[in-house]
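*Asks:* Pasting final13.cif here (mmCIF, C-alpha atoms and all ligand atoms; chains and numbers go by the auth columns):
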```
data_coords
#
loop_
_atom_site.group_PDB
_atom_site.id
_atom_site.type_symbol
_atom_site.label_atom_id
_atom_site.label_comp_id
_atom_site.label_asym_id
_atom_site.label_seq_id
_atom_site.Cartn_x
_atom_site.Cartn_y
_atom_site.Cartn_z
_atom_site.B_iso_or_equiv
_atom_site.auth_seq_id
_atom_site.auth_asym_id
ATOM 1 C CA MET A 1 -7.331 -0.754 -88.851 0.00 1 G
ATOM 2 C CA LYS A 2 -8.057 -4.439 -88.328 0.00 2 G
ATOM 3 C CA ILE A 3 -10.451 -5.473 -85.536 0.00 3 G
ATOM 4 C CA GLU A 4 -10.765 -9.138 -84.541 0.00 4 G
ATOM 5 C CA ALA A 5 -12.831 -10.869 -81.869 0.00 5 G
ATOM 6 C CA VAL A 6 -12.650 -14.341 -80.339 0.00 6 G
ATOM 7 C CA THR A 7 -15.962 -15.620 -78.972 0.00 7 G
ATOM 8 C CA ILE A 8 -18.078 -18.755 -78.516 0.00 8 G
ATOM 9 C CA PHE A 9 -20.980 -16.766 -80.086 0.00 9 G
ATOM 10 C CA PRO A 10 -19.798 -15.333 -83.429 0.00 10 G
ATOM 11 C CA ASP A 11 -23.445 -14.515 -84.325 0.00 11 G
ATOM 12 C CA TYR A 12 -23.433 -11.725 -81.712 0.00 12 G
ATOM 13 C CA PHE A 13 -21.273 -9.728 -84.143 0.00 13 G
ATOM 14 C CA ALA A 14 -23.792 -9.661 -87.018 0.00 14 G
ATOM 15 C CA PRO A 15 -24.657 -5.964 -86.313 0.00 15 G
ATOM 16 C CA LEU A 16 -21.159 -4.935 -87.452 0.00 16 G
ATOM 17 C CA GLN A 17 -22.599 -4.999 -90.989 0.00 17 G
ATOM 18 C CA LEU A 18 -25.145 -2.279 -90.167 0.00 18 G
ATOM 19 C CA SER A 19 -25.199 1.505 -90.129 0.00 19 G
ATOM 20 C CA LEU A 20 -22.052 3.616 -89.732 0.00 20 G
ATOM 21 C CA VAL A 21 -19.829 0.687 -88.722 0.00 21 G
ATOM 22 C CA GLY A 22 -21.043 -1.428 -91.668 0.00 22 G
ATOM 23 C CA LYS A 23 -20.351 1.460 -94.059 0.00 23 G
ATOM 24 C CA ALA A 24 -16.857 1.948 -92.617 0.00 24 G
ATOM 25 C CA SER A 25 -16.179 -1.729 -93.209 0.00 25 G
ATOM 26 C CA ASN A 26 -17.549 -1.652 -96.790 0.00 26 G
ATOM 27 C CA ALA A 27 -15.378 1.420 -97.482 0.00 27 G
ATOM 28 C CA GLY A 28 -12.267 -0.465 -96.296 0.00 28 G
ATOM 29 C CA LEU A 29 -11.644 1.938 -93.382 0.00 29 G
ATOM 30 C CA VAL A 30 -11.854 -0.972 -90.933 0.00 30 G
ATOM 31 C CA GLU A 31 -11.610 -4.740 -91.442 0.00 31 G
ATOM 32 C CA PHE A 32 -13.408 -7.188 -89.143 0.00 32 G
ATOM 33 C CA ALA A 33 -12.578 -10.864 -88.472 0.00 33 G
ATOM 34 C CA ILE A 34 -14.633 -12.858 -85.948 0.00 34 G
ATOM 35 C CA HIS A 35 -13.235 -16.190 -84.715 0.00 35 G
ATOM 36 C CA ASP A 36 -15.136 -19.056 -83.057 0.00 36 G
ATOM 37 C CA LEU A 37 -13.282 -20.133 -79.889 0.00 37 G
ATOM 38 C CA ARG A 38 -14.865 -23.622 -79.963 0.00 38 G
ATOM 39 C CA VAL A 39 -12.868 -24.497 -83.101 0.00 39 G
ATOM 40 C CA PHE A 40 -9.832 -24.682 -80.782 0.00 40 G
ATOM 41 C CA ALA A 41 -11.469 -26.978 -78.204 0.00 41 G
ATOM 42 C CA ASN A 42 -9.825 -30.334 -78.929 0.00 42 G
ATOM 43 C CA ASN A 43 -12.209 -32.375 -76.791 0.00 43 G
ATOM 44 C CA ASN A 44 -15.227 -34.376 -77.919 0.00 44 G
ATOM 45 C CA HIS A 45 -17.872 -32.007 -76.600 0.00 45 G
ATOM 46 C CA HIS A 46 -16.056 -28.809 -77.641 0.00 46 G
ATOM 47 C CA THR A 47 -16.050 -27.791 -73.992 0.00 47 G
ATOM 48 C CA VAL A 48 -14.244 -24.495 -73.285 0.00 48 G
ATOM 49 C CA ASP A 49 -14.732 -24.191 -69.498 0.00 49 G
ATOM 50 C CA ASP A 50 -14.015 -26.092 -66.286 0.00 50 G
ATOM 51 C CA THR A 51 -14.545 -25.710 -62.526 0.00 51 G
ATOM 52 C CA PRO A 52 -12.432 -23.125 -60.665 0.00 52 G
ATOM 53 C CA TYR A 53 -9.391 -24.149 -58.604 0.00 53 G
ATOM 54 C CA GLY A 54 -10.084 -23.237 -54.981 0.00 54 G
ATOM 55 C CA GLY A 55 -13.806 -23.881 -55.397 0.00 55 G
ATOM 56 C CA GLY A 56 -16.653 -21.436 -55.773 0.00 56 G
ATOM 57 C CA ALA A 57 -19.539 -20.825 -58.120 0.00 57 G
ATOM 58 C CA GLY A 58 -19.465 -20.909 -61.891 0.00 58 G
ATOM 59 C CA MET A 59 -17.022 -22.058 -64.529 0.00 59 G
ATOM 60 C CA VAL A 60 -13.730 -20.667 -65.832 0.00 60 G
ATOM 61 C CA MET A 61 -12.618 -20.663 -69.480 0.00 61 G
ATOM 62 C CA MET A 62 -9.577 -22.908 -69.996 0.00 62 G
ATOM 63 C CA PRO A 63 -6.241 -21.267 -70.914 0.00 63 G
ATOM 64 C CA GLU A 64 -5.047 -23.875 -73.447 0.00 64 G
ATOM 65 C CA ILE A 65 -7.964 -23.182 -75.805 0.00 65 G
ATOM 66 C CA TRP A 66 -7.517 -19.395 -75.512 0.00 66 G
ATOM 67 C CA GLY A 67 -3.802 -19.760 -76.222 0.00 67 G
ATOM 68 C CA LEU A 68 -4.486 -21.684 -79.437 0.00 68 G
ATOM 69 C CA ALA A 69 -7.033 -19.070 -80.545 0.00 69 G
ATOM 70 C CA LEU A 70 -4.960 -15.995 -79.673 0.00 70 G
ATOM 71 C CA ASP A 71 -1.424 -17.053 -80.700 0.00 71 G
ATOM 72 C CA PRO A 72 -2.005 -16.602 -84.467 0.00 72 G
ATOM 73 C CA LEU A 73 -3.573 -13.158 -83.847 0.00 73 G
ATOM 74 C CA MET A 74 -0.629 -11.728 -81.891 0.00 74 G
ATOM 75 C CA LEU A 75 1.003 -9.753 -84.699 0.00 75 G
ATOM 76 C CA GLU A 76 3.465 -6.919 -84.140 0.00 76 G
ATOM 77 C CA ALA A 77 1.610 -3.875 -82.671 0.00 77 G
ATOM 78 C CA THR A 78 -1.571 -5.485 -81.321 0.00 78 G
ATOM 79 C CA GLU A 79 -3.865 -4.258 -78.550 0.00 79 G
ATOM 80 C CA LEU A 80 -5.314 -7.353 -76.854 0.00 80 G
ATOM 81 C CA ILE A 81 -8.523 -6.330 -75.070 0.00 81 G
ATOM 82 C CA ILE A 82 -9.849 -8.792 -72.472 0.00 82 G
ATOM 83 C CA LEU A 83 -13.484 -8.026 -71.604 0.00 83 G
ATOM 84 C CA THR A 84 -14.261 -8.419 -67.910 0.00 84 G
ATOM 85 C CA PRO A 85 -16.524 -6.554 -65.449 0.00 85 G
ATOM 86 C CA ALA A 86 -13.371 -6.265 -63.286 0.00 86 G
ATOM 87 C CA GLY A 87 -11.504 -4.308 -65.988 0.00 87 G
ATOM 88 C CA LYS A 88 -10.721 -0.605 -66.357 0.00 88 G
ATOM 89 C CA ARG A 89 -13.849 1.395 -67.187 0.00 89 G
ATOM 90 C CA PHE A 90 -14.167 2.203 -70.905 0.00 90 G
ATOM 91 C CA ASN A 91 -14.546 5.891 -71.757 0.00 91 G
ATOM 92 C CA GLN A 92 -14.228 8.319 -74.674 0.00 92 G
ATOM 93 C CA LYS A 93 -10.507 8.886 -74.059 0.00 93 G
ATOM 94 C CA MET A 94 -9.858 5.115 -74.345 0.00 94 G
ATOM 95 C CA ALA A 95 -11.972 5.005 -77.516 0.00 95 G
ATOM 96 C CA ALA A 96 -9.862 7.790 -79.049 0.00 96 G
ATOM 97 C CA ASP A 97 -6.616 6.033 -78.089 0.00 97 G
ATOM 98 C CA PHE A 98 -7.762 2.665 -79.497 0.00 98 G
ATOM 99 C CA ALA A 99 -8.911 4.436 -82.701 0.00 99 G
ATOM 100 C CA LYS A 100 -5.226 5.222 -83.395 0.00 100 G
ATOM 101 C CA ALA A 101 -4.163 1.546 -83.168 0.00 101 G
ATOM 102 C CA GLN A 102 -3.436 -0.740 -86.151 0.00 102 G
ATOM 103 C CA HIS A 103 -4.814 -3.952 -84.719 0.00 103 G
ATOM 104 C CA LEU A 104 -7.351 -4.668 -81.961 0.00 104 G
ATOM 105 C CA VAL A 105 -8.163 -8.173 -80.689 0.00 105 G
ATOM 106 C CA PHE A 106 -11.213 -8.557 -78.409 0.00 106 G
ATOM 107 C CA ALA A 107 -11.171 -11.666 -76.178 0.00 107 G
ATOM 108 C CA CYS A 108 -14.781 -12.253 -75.093 0.00 108 G
ATOM 109 C CA GLY A 109 -14.991 -14.171 -71.832 0.00 109 G
ATOM 110 C CA ARG A 110 -18.184 -15.853 -70.640 0.00 110 G
ATOM 111 C CA TYR A 111 -19.008 -17.652 -67.379 0.00 111 G
ATOM 112 C CA GLU A 112 -16.818 -16.388 -64.512 0.00 112 G
ATOM 113 C CA GLY A 113 -14.158 -15.303 -66.985 0.00 113 G
ATOM 114 C CA ILE A 114 -10.918 -16.496 -68.563 0.00 114 G
ATOM 115 C CA ASP A 115 -8.139 -18.269 -66.578 0.00 115 G
ATOM 116 C CA ASP A 116 -5.921 -15.362 -65.439 0.00 116 G
ATOM 117 C CA ARG A 117 -2.787 -17.001 -66.855 0.00 117 G
ATOM 118 C CA VAL A 118 -3.963 -15.965 -70.344 0.00 118 G
ATOM 119 C CA ARG A 119 -3.578 -12.294 -69.322 0.00 119 G
ATOM 120 C CA GLN A 120 -0.269 -13.023 -67.574 0.00 120 G
ATOM 121 C CA HIS A 121 1.125 -14.865 -70.596 0.00 121 G
ATOM 122 C CA TYR A 122 0.362 -12.121 -73.144 0.00 122 G
ATOM 123 C CA GLU A 123 1.617 -9.449 -70.723 0.00 123 G
ATOM 124 C CA SER A 124 5.073 -11.078 -70.699 0.00 124 G
ATOM 125 C CA GLU A 125 8.189 -9.515 -72.213 0.00 125 G
ATOM 126 C CA GLN A 126 8.194 -11.676 -75.358 0.00 126 G
ATOM 127 C CA TYR A 127 4.959 -9.895 -76.392 0.00 127 G
ATOM 128 C CA ALA A 128 5.755 -6.437 -74.972 0.00 128 G
ATOM 129 C CA SER A 129 8.922 -6.402 -77.087 0.00 129 G
ATOM 130 C CA ARG A 130 6.726 -6.844 -80.186 0.00 130 G
ATOM 131 C CA ASN A 131 4.458 -3.933 -79.176 0.00 131 G
ATOM 132 C CA ILE A 132 1.658 -6.196 -77.974 0.00 132 G
ATOM 133 C CA ARG A 133 -0.207 -4.692 -75.035 0.00 133 G
ATOM 134 C CA VAL A 134 -2.955 -6.247 -72.889 0.00 134 G
ATOM 135 C CA HIS A 135 -5.951 -4.275 -71.556 0.00 135 G
ATOM 136 C CA GLU A 136 -8.628 -5.606 -69.209 0.00 136 G
ATOM 137 C CA VAL A 137 -11.697 -3.475 -69.919 0.00 137 G
ATOM 138 C CA SER A 138 -15.256 -3.158 -68.531 0.00 138 G
ATOM 139 C CA ILE A 139 -17.997 -0.978 -70.053 0.00 139 G
ATOM 140 C CA GLY A 140 -19.737 -0.135 -66.762 0.00 140 G
ATOM 141 C CA ASP A 141 -20.769 -1.151 -63.280 0.00 141 G
ATOM 142 C CA TYR A 142 -23.177 -3.997 -64.050 0.00 142 G
ATOM 143 C CA VAL A 143 -22.642 -7.638 -65.005 0.00 143 G
ATOM 144 C CA LEU A 144 -23.307 -8.964 -68.516 0.00 144 G
ATOM 145 C CA GLY A 145 -23.398 -12.629 -69.497 0.00 145 G
ATOM 146 C CA GLY A 146 -20.224 -12.191 -71.492 0.00 146 G
ATOM 147 C CA GLY A 147 -17.943 -9.793 -73.317 0.00 147 G
ATOM 148 C CA GLU A 148 -19.671 -9.895 -76.723 0.00 148 G
ATOM 149 C CA VAL A 149 -22.076 -6.975 -76.225 0.00 149 G
ATOM 150 C CA ALA A 150 -19.336 -5.021 -74.430 0.00 150 G
ATOM 151 C CA SER A 151 -17.072 -5.568 -77.467 0.00 151 G
ATOM 152 C CA LEU A 152 -19.795 -4.257 -79.795 0.00 152 G
ATOM 153 C CA VAL A 153 -20.161 -1.136 -77.662 0.00 153 G
ATOM 154 C CA MET A 154 -16.411 -0.516 -77.784 0.00 154 G
ATOM 155 C CA ILE A 155 -16.123 -1.288 -81.514 0.00 155 G
ATOM 156 C CA GLU A 156 -18.860 1.236 -82.367 0.00 156 G
ATOM 157 C CA ALA A 157 -17.345 3.953 -80.159 0.00 157 G
ATOM 158 C CA ILE A 158 -13.864 3.314 -81.618 0.00 158 G
ATOM 159 C CA THR A 159 -14.816 2.894 -85.294 0.00 159 G
ATOM 160 C CA ARG A 160 -16.631 6.234 -85.532 0.00 160 G
ATOM 161 C CA LEU A 161 -13.388 7.945 -84.439 0.00 161 G
ATOM 162 C CA ILE A 162 -11.313 6.423 -87.268 0.00 162 G
ATOM 163 C CA PRO A 163 -10.446 9.234 -89.704 0.00 163 G
ATOM 164 C CA GLY A 164 -12.837 9.267 -92.683 0.00 164 G
ATOM 165 C CA VAL A 165 -15.636 7.304 -90.990 0.00 165 G
ATOM 166 C CA ILE A 166 -17.664 10.397 -90.069 0.00 166 G
ATOM 167 C CA GLY A 167 -18.139 12.806 -92.971 0.00 167 G
ATOM 168 C CA ASN A 168 -18.196 16.016 -90.924 0.00 168 G
ATOM 169 C CA PRO A 169 -15.435 15.900 -88.264 0.00 169 G
ATOM 170 C CA GLU A 170 -17.041 18.944 -86.541 0.00 170 G
ATOM 171 C CA SER A 171 -19.765 16.644 -85.207 0.00 171 G
ATOM 172 C CA LEU A 172 -16.970 14.821 -83.338 0.00 172 G
ATOM 173 C CA SER A 173 -15.631 17.906 -81.550 0.00 173 G
ATOM 174 C CA GLU A 174 -19.109 19.159 -80.554 0.00 174 G
ATOM 175 C CA GLU A 175 -20.571 15.880 -79.450 0.00 175 G
ATOM 176 C CA SER A 176 -22.126 14.908 -76.169 0.00 176 G
ATOM 177 C CA HIS A 177 -19.318 13.060 -74.372 0.00 177 G
ATOM 178 C CA ASN A 178 -16.085 14.414 -75.686 0.00 178 G
ATOM 179 C CA GLU A 179 -12.842 13.535 -73.946 0.00 179 G
ATOM 180 C CA ASP A 180 -13.095 16.432 -71.474 0.00 180 G
ATOM 181 C CA GLY A 181 -16.309 14.961 -70.090 0.00 181 G
ATOM 182 C CA TYR A 182 -18.383 17.870 -71.441 0.00 182 G
ATOM 183 C CA LEU A 183 -22.086 17.054 -71.758 0.00 183 G
ATOM 184 C CA GLU A 184 -23.993 18.323 -74.747 0.00 184 G
ATOM 185 C CA TYR A 185 -26.740 20.952 -74.816 0.00 185 G
ATOM 186 C CA PRO A 186 -30.330 19.970 -75.819 0.00 186 G
ATOM 187 C CA ASN A 187 -31.112 20.020 -79.559 0.00 187 G
ATOM 188 C CA PHE A 188 -34.187 21.129 -81.518 0.00 188 G
ATOM 189 C CA THR A 189 -35.345 20.981 -85.150 0.00 189 G
ATOM 190 C CA LYS A 190 -38.515 21.770 -87.099 0.00 190 G
ATOM 191 C CA PRO A 191 -41.324 22.474 -86.309 0.00 191 G
ATOM 192 C CA ALA A 192 -40.819 25.555 -84.071 0.00 192 G
ATOM 193 C CA ILE A 193 -43.835 24.491 -81.949 0.00 193 G
ATOM 194 C CA TRP A 194 -44.672 20.835 -81.255 0.00 194 G
ATOM 195 C CA ARG A 195 -47.569 19.803 -78.949 0.00 195 G
ATOM 196 C CA ASP A 196 -47.616 23.340 -77.516 0.00 196 G
ATOM 197 C CA ILE A 197 -43.903 23.269 -76.716 0.00 197 G
ATOM 198 C CA ALA A 198 -41.887 26.032 -78.377 0.00 198 G
ATOM 199 C CA VAL A 199 -38.207 25.875 -79.290 0.00 199 G
ATOM 200 C CA PRO A 200 -36.214 28.267 -77.003 0.00 200 G
ATOM 201 C CA GLU A 201 -36.447 31.817 -78.494 0.00 201 G
ATOM 202 C CA ILE A 202 -32.695 32.376 -78.388 0.00 202 G
ATOM 203 C CA LEU A 203 -32.112 29.617 -80.976 0.00 203 G
ATOM 204 C CA LEU A 204 -34.258 31.541 -83.508 0.00 204 G
ATOM 205 C CA SER A 205 -32.442 34.848 -82.851 0.00 205 G
ATOM 206 C CA GLY A 206 -29.495 34.398 -85.188 0.00 206 G
ATOM 207 C CA ASN A 207 -27.218 35.784 -82.421 0.00 207 G
ATOM 208 C CA HIS A 208 -24.424 33.212 -82.492 0.00 208 G
ATOM 209 C CA ALA A 209 -22.555 34.529 -79.436 0.00 209 G
ATOM 210 C CA GLU A 210 -25.728 34.428 -77.288 0.00 210 G
ATOM 211 C CA ILE A 211 -26.623 30.972 -78.651 0.00 211 G
ATOM 212 C CA ALA A 212 -23.165 29.650 -77.678 0.00 212 G
ATOM 213 C CA LYS A 213 -23.558 31.119 -74.156 0.00 213 G
ATOM 214 C CA TRP A 214 -27.035 29.579 -73.755 0.00 214 G
ATOM 215 C CA ARG A 215 -25.839 26.169 -74.965 0.00 215 G
ATOM 216 C CA SER A 216 -22.889 26.201 -72.602 0.00 216 G
ATOM 217 C CA SER A 217 -25.116 27.022 -69.629 0.00 217 G
ATOM 218 C CA GLU A 218 -27.649 24.310 -70.605 0.00 218 G
ATOM 219 C CA ALA A 219 -24.816 21.775 -70.945 0.00 219 G
ATOM 220 C CA THR A 220 -23.594 22.655 -67.433 0.00 220 G
ATOM 221 C CA LYS A 221 -27.120 22.259 -66.007 0.00 221 G
ATOM 222 C CA ARG A 222 -27.390 18.822 -67.599 0.00 222 G
ATOM 223 C CA ALA A 223 -24.010 17.749 -66.268 0.00 223 G
ATOM 224 C CA GLU A 224 -24.971 18.788 -62.716 0.00 224 G
ATOM 225 C CA LYS A 225 -28.316 16.984 -62.925 0.00 225 G
ATOM 226 C CA ASN A 226 -26.596 13.749 -63.999 0.00 226 G
ATOM 227 C CA LEU A 227 -24.066 13.709 -61.145 0.00 227 G
HETATM 228 CL CL1 LIG B . -16.545 -6.273 -70.415 0.00 301 H
HETATM 229 N N1 LIG B . -18.058 -8.180 -69.403 0.00 301 H
HETATM 230 C C1 LIG B . -19.065 -8.619 -68.643 0.00 301 H
HETATM 231 N N2 LIG B . -19.300 -9.932 -68.575 0.00 301 H
HETATM 232 N N3 LIG B . -19.866 -7.811 -67.942 0.00 301 H
HETATM 233 C C2 LIG B . -19.609 -6.506 -68.034 0.00 301 H
HETATM 234 C C3 LIG B . -18.582 -5.966 -68.801 0.00 301 H
HETATM 235 C C4 LIG B . -17.798 -6.859 -69.486 0.00 301 H
HETATM 236 N N4 LIG B . -18.600 -4.639 -68.679 0.00 301 H
HETATM 237 C C5 LIG B . -19.605 -4.367 -67.860 0.00 301 H
HETATM 238 N N5 LIG B . -20.217 -5.470 -67.463 0.00 301 H
#
```
For the structure just supplied, provide its representation as structure tokens.
*Replies:*
Amino acid sequence: MKIEAVTIFPDYFAPLQLSLVGKASNAGLVEFAIHDLRVFANNNHHTVDDTPYGGGAGMVMMPEIWGLALDPLMLEATELIILTPAGKRFNQKMAADFAKAQHLVFACGRYEGIDDRVRQHYESEQYASRNIRVHEVSIGDYVLGGGEVASLVMIEAITRLIPGVIGNPESLSEESHNEDGYLEYPNFTKPAIWRDIAVPEILLSGNHAEIAKWRSSEATKRAEKNL
């Protein structure tokens, strides 16, 4: 899988070299390419934004510059992901679907966002016919300064689902937010007593059926508490 991002802050993506995602990249399971949007700003001050038509607060990123940056990335079978707090909420199901793609391109908006014609243009038939799809995505109900951190969140959630990235695939099926929305049970390790708090007896019993029942009931309690 190839994952690219277009941003005015390429340095935000330095953490892609770390931990599980960094290892996946070193192992050739995923390839990253980060592109600086300002390279495509053909004006003296490398300005990428302008005031909104119709008035209002803030600045809007100009479509011409985005077009120049994105055109060379629009290969056959590409998922173009536009980060915006107004997008569809990212979840584990979306992560699993994106993990099956060949090519992801993250367009990181800043300011009040990207001129909407960029979305409209890449949603047109000339791209659809080449298996290029556009997704406007948000990672939650709060406002960030831009799409860079949201992209990192999505890239980590997606990359760990690429086959071969996680050694033991069982940890994927048992994990805390699987696609059915199941919430995980609490976990314990050594020592059996820590600061006067004992590990639940049942977990030391060796009775696997009873342990599974207990975990399921604890997971349900947690889910109800977090509603
Ligand atoms: Cl994708 N972008 C911005 N700017 N804020 C957000 C977001 C995205 N998702 C949640 N908040």
*Asks:* Find, counting only C-alpha atoms and all ligand atoms, the residue in G:Ala107, G:Ile158, G:Leu16, G:Ala192 that gets nearest to ligand LIG 301 (chain H).
*Replies:*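 Residue with the minimum atom-to-atom distance to ligand LIG 301 (chain H): G:Ala107.
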*Asks:* Name each residue within 6 Å of ligand LIG 301 (chain H), counting all atoms listed in the file, as a list in words.
*Replies:* Leu83, Thr84, Pro85, Val137, Ser138, Ile139, Gly140, Asp141, Tyr142, Val143, Leu144, Gly145, Gly146, Gly147 and Ala150 of chain G
*Asks:* Would you list the contacts of Ala77 in chain G as a list of chain:residue names, taking every protein, DNA or RNA residue within 8 Å and counting only C-alpha atoms, but skipping same-chain residues closer than 5 positions in sequence?
*Replies:*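 Within the cut-off, the hits are G:Ala101, G:Gln102, G:His103, G:Arg130, G:Asn131, G:Ile132, G:Arg133.
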*Asks:* What lies within 12 Å of Thr51 in chain G using all atoms listed in the file, ignoring chain neighbours under 4 positions off, as a PDB file with C-alpha atoms, in the frame of the given file?
*Replies:*
```pdb
ATOM      1  CA  THR G  47     -16.050 -27.791 -73.992  1.00  0.00           C
ATOM      2  CA  GLY G  55     -13.806 -23.881 -55.397  1.00  0.00           C
ATOM      3  CA  GLY G  56     -16.653 -21.436 -55.773  1.00  0.00           C
ATOM      4  CA  ALA G  57     -19.539 -20.825 -58.120  1.00  0.00           C
ATOM      5  CA  GLY G  58     -19.465 -20.909 -61.891  1.00  0.00           C
ATOM      6  CA  MET G  59     -17.022 -22.058 -64.529  1.00  0.00           C
ATOM      7  CA  VAL G  60     -13.730 -20.667 -65.832  1.00  0.00           C
ATOM      8  CA  MET G  61     -12.618 -20.663 -69.480  1.00  0.00           C
ATOM      9  CA  MET G  62      -9.577 -22.908 -69.996  1.00  0.00           C
ATOM     10  CA  TYR G 111     -19.008 -17.652 -67.379  1.00  0.00           C
ATOM     11  CA  GLU G 112     -16.818 -16.388 -64.512  1.00  0.00           C
ATOM     12  CA  GLY G 113     -14.158 -15.303 -66.985  1.00  0.00           C
ATOM     13  CA  ILE G 114     -10.918 -16.496 -68.563  1.00  0.00           C
ATOM     14  CA  ASP G 115      -8.139 -18.269 -66.578  1.00  0.00           C
TER      15      ASP G 115
END
```
*Asks:* Residues within 8 Å of Ile81 in chain G, please, as number ranges by chain. Count all atoms listed in the file; anything in the same chain fewer than 5 positions from it doesn't count.
*Replies:* G: 104-107, 134-137
*Asks:* Have a look at CA of Thr78 in chain G and CA of Asp49 in chain G and let me know their distance in Å, one decimal.
*Replies:*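 Calculated distance between CA of Thr78 in chain G and CA of Asp49 in chain G is 25.7 Å.
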*Asks:* Please write as an MDAnalysis selection string the full residue list that the PyMOL selection byres (((chain G and resi 67-71) around 12) and not hetatm) yields on this file.
*Replies:* chainID G and resid 4:8 34:42 48 61:66 72:76 78:82 104:108 114:122 127 132
*Asks:* Enter the distance from CA of Arg215 in chain G to CA of Tyr185 in chain G, in Å, rounded to one decimal.
*Replies:*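 Computed distance, CA of Arg215 in chain G to CA of Tyr185 in chain G, equals 5.3 Å.
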*Asks:* Apply the PyMOL selection byres (((chain G and resi 12) around 10) and not hetatm) to the displayed file and report the matching residues as a list in words.
*Replies:*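 Here the PyMOL selection byres (((chain G and resi 12) around 10) and not hetatm) matches Thr7, Ile8, Phe9, Pro10, Asp11, Phe13, Ala14, Pro15, Leu16, Ile34, Glu148, Val149, Ser151 and Leu152 of chain G.
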*Asks:* Can those selected residues be exported to a file as a tab-separated table (two decimals), in the frame of the given file so that it contains C-alpha atoms?
*Replies:*
```
chain	number	residue	atom	x	y	z
G	7	THR	CA	-15.96	-15.62	-78.97
G	8	ILE	CA	-18.08	-18.76	-78.52
G	9	PHE	CA	-20.98	-16.77	-80.09
G	10	PRO	CA	-19.80	-15.33	-83.43
G	11	ASP	CA	-23.44	-14.52	-84.32
G	13	PHE	CA	-21.27	-9.73	-84.14
G	14	ALA	CA	-23.79	-9.66	-87.02
G	15	PRO	CA	-24.66	-5.96	-86.31
G	16	LEU	CA	-21.16	-4.93	-87.45
G	34	ILE	CA	-14.63	-12.86	-85.95
G	148	GLU	CA	-19.67	-9.90	-76.72
G	149	VAL	CA	-22.08	-6.98	-76.22
G	151	SER	CA	-17.07	-5.57	-77.47
G	152	LEU	CA	-19.80	-4.26	-79.80
```
*Asks:* Report, as lines of an AutoDock Vina configuration file, the centre and edge lengths in Å (one decimal) of the axis-aligned box enclosing every listed atom of range 53-69 of chain G, padded by 4 Å on each side.
*Replies:*
```
center_x = -11.7
center_y = -21.6
center_z = -67.8
size_x = 23.7
size_y = 13.1
size_z = 33.6
```
*Asks:* Taking the file above as input, evaluate the PyMOL selection byres (((chain G and resi 24) around 12) and not hetatm) and report the hits as a PyMOL selection string.
*Replies:* chain G and resi 1-2+16-23+25-32+155-156+158-167
*Asks:* Write a file of the selected residues as a PDB file, in the coordinates of the input, keeping C-alpha atoms.
*Replies:*
```
ATOM      1  CA  MET G   1      -7.331  -0.754 -88.851  1.00  0.00           C
ATOM      2  CA  LYS G   2      -8.057  -4.439 -88.328  1.00  0.00           C
ATOM      3  CA  LEU G  16     -21.159  -4.935 -87.452  1.00  0.00           C
ATOM      4  CA  GLN G  17     -22.599  -4.999 -90.989  1.00  0.00           C
ATOM      5  CA  LEU G  18     -25.145  -2.279 -90.167  1.00  0.00           C
ATOM      6  CA  SER G  19     -25.199   1.505 -90.129  1.00  0.00           C
ATOM      7  CA  LEU G  20     -22.052   3.616 -89.732  1.00  0.00           C
ATOM      8  CA  VAL G  21     -19.829   0.687 -88.722  1.00  0.00           C
ATOM      9  CA  GLY G  22     -21.043  -1.428 -91.668  1.00  0.00           C
ATOM     10  CA  LYS G  23     -20.351   1.460 -94.059  1.00  0.00           C
ATOM     11  CA  SER G  25     -16.179  -1.729 -93.209  1.00  0.00           C
ATOM     12  CA  ASN G  26     -17.549  -1.652 -96.790  1.00  0.00           C
ATOM     13  CA  ALA G  27     -15.378   1.420 -97.482  1.00  0.00           C
ATOM     14  CA  GLY G  28     -12.267  -0.465 -96.296  1.00  0.00           C
ATOM     15  CA  LEU G  29     -11.644   1.938 -93.382  1.00  0.00           C
ATOM     16  CA  VAL G  30     -11.854  -0.972 -90.933  1.00  0.00           C
ATOM     17  CA  GLU G  31     -11.610  -4.740 -91.442  1.00  0.00           C
ATOM     18  CA  PHE G  32     -13.408  -7.188 -89.143  1.00  0.00           C
ATOM     19  CA  ILE G 155     -16.123  -1.288 -81.514  1.00  0.00           C
ATOM     20  CA  GLU G 156     -18.860   1.236 -82.367  1.00  0.00           C
ATOM     21  CA  ILE G 158     -13.864   3.314 -81.618  1.00  0.00           C
ATOM     22  CA  THR G 159     -14.816   2.894 -85.294  1.00  0.00           C
ATOM     23  CA  ARG G 160     -16.631   6.234 -85.532  1.00  0.00           C
ATOM     24  CA  LEU G 161     -13.388   7.945 -84.439  1.00  0.00           C
ATOM     25  CA  ILE G 162     -11.313   6.423 -87.268  1.00  0.00           C
ATOM     26  CA  PRO G 163     -10.446   9.234 -89.704  1.00  0.00           C
ATOM     27  CA  GLY G 164     -12.837   9.267 -92.683  1.00  0.00           C
ATOM     28  CA  VAL G 165     -15.636   7.304 -90.990  1.00  0.00           C
ATOM     29  CA  ILE G 166     -17.664  10.397 -90.069  1.00  0.00           C
ATOM     30  CA  GLY G 167     -18.139  12.806 -92.971  1.00  0.00           C
TER      31      GLY G 167
END
```
*Asks:* Go through G:Trp214, G:Pro186, G:Ala95, G:Gln126 and flag the residue nearest Val153 in chain G, using only C-alpha atoms for the distances.
*Replies:* G:Ala95
*Asks:* Interatomic distance between CA of Arg222 in chain G and CA of Ser205 in chain G?
*Replies:* 22.7 Å
*Asks:* Which polymer residues have any atom within 10 Å of an atom of range 187-189 of chain G, counting all atoms listed in the file, with same-chain residues fewer than 5 positions away left out, as a list in words?
*Replies:*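 So the residues in contact are Ala198, Val199, Pro200, Leu203 and Arg215 of chain G.
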